[in-house]
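Structure, as structure tokens:
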Amino acid sequence: MEFSILFEYAWVLLLLIAIEGLLAADNALVLAIMVRHLPEEQRRRALFYGLAGAFVFRFGSLFVISFLVDVWQVQAIGALYLLFIAANHIFRKLIVNKEKDKVNEKKEKKKSGFWVTVFKVELADIAFAVDSILAAVALAVTLPNTNLPEIGGLDGGKFLVIFAGGLIGLIIMRFAANYFVKLLQTRPGLEIAAFAIVGWVGVKLLVYTLSHPELAILPEGFAKSPEWKISFYVILLLIALFGWFLSKEKKADTTNAPSQESSVEVGK
């Protein structure tokens, strides 16, 4: 395999690690909040089931999408879904949650039992798995093909990159989520930047879809052209830099934040 191809694959894998880290931290926060009303032992069990569900759903999604990745309708749905979750999350974070916080201060939600909580965690895991795999596919799909055998309808090298991204996301949720949780708590703007990046990745998948031979709205080679790739990565890095430098650093609020056990120790 040529050095230039290896470099491009390594670069995409590094981007996936960064994106997966921030998304895994956000997912860990959500799961921790969902289970924090349970006793400690039940909380750990619920999170363990959640981790197992994440593994099954994430790799189940990967193997299914490997057979459908070249279908332009699937690409279009994936692109629109990524754009939707990015816009929806940013809107809810900037506008809706501020109003919810005011309401939640005056009333306490009814607490769910153990198995109802586990069910909610598994539903959340399905959404997390789809988000993660679609983002990975959108980044990897325009990579050059390798001489590895195909898996499903996907080049073996691309499959391995997406597989590695999903595996890294699970490892981060299990072992390194606490670091990213603290990072998001001290620089909350990074969460918005992370979902802005997810939306921009959705644009990348949309461009790839519009370049599909059956649509040909854009020239077929445009999505893989150096000009588009350079533009995409420059804007992606600018989003990340703006998220970092424009996010006011603050001390983490340990009074209302999920405990480390809730967000990290999910396998005990």
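Starting from 1 in every chain, residues are counted up; chains themselves are A, B, ... following the order of the structure tokens, and ligands are numbered from 1 as listed.
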Quiz item: Leaving out range 67-73 of chain A and any residue of its chain fewer than 5 positions from it, which residues lie within 6 Å of it when counting only C-alpha atoms, given as an NGL selection string?
Solution: :A and (152-153 or 209)
Self-check item: Per-residue DSSP, range 17-212 of chain A, filtered to helix (DSSP H, G or I), as number ranges by chain
Solution: A: 17-35, 40-68, 72-104, 114-140, 156-186, 189-210
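Using only C-alpha atoms, the contacts of range 84-96 of chain A at a cut-off of 7 Å, with sequence neighbours closer than 5 positions omitted, comprise Ile192, Phe195, Ala196, Val198 and Gly199 of chain A.
Residue nearest Glu220 in chain A within the list A:Thr186, A:Leu154, A:Ile168, A:Thr142: A:Thr142 [criterion: smallest interatomic distance, only C-alpha atoms].
Across A:Leu236, A:Ala223, A:Leu206, A:Met34, the tightest approach to Val118 in chain A is made by A:Met34 when counting only C-alpha atoms.
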Quiz item: If you count only C-alpha atoms, which residues fall within 7 Å of range 124-131 of chain A, apart from same-chain ones fewer than 4 positions away, as a list in words?
Solution: Gly50, Gly53, Ala54, Phe57, Arg58, Ser61, Lys120 and Ala135 of chain A
Quiz item: Which residue out of A:Phe222, A:Phe163, A:Tyr208, A:Phe232 has the minimum interatomic distance to Leu62 in chain A when only C-alpha atoms are used?
Solution: A:Phe163
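Among A:Glu2, A:Glu8, A:Glu122, A:Asp155, the residue with the shortest atom-to-atom distance to Tyr49 in chain A, counting only C-alpha atoms, is A:Glu122.
Straight-line separation from CA of Val201 in chain A to CA of Ile230 in chain A: 13.5 Å.
If only C-alpha atoms are the atoms counted, then among A:Ala76, A:Val121, A:Gly189, A:Val141 the closest residue to Ile162 in chain A is A:Val141.
Of the listed residues (A:Leu246, A:Lys158, A:Glu40, A:Phe175), A:Lys158 comes nearest to Thr146 in chain A; the distances count only C-alpha atoms.
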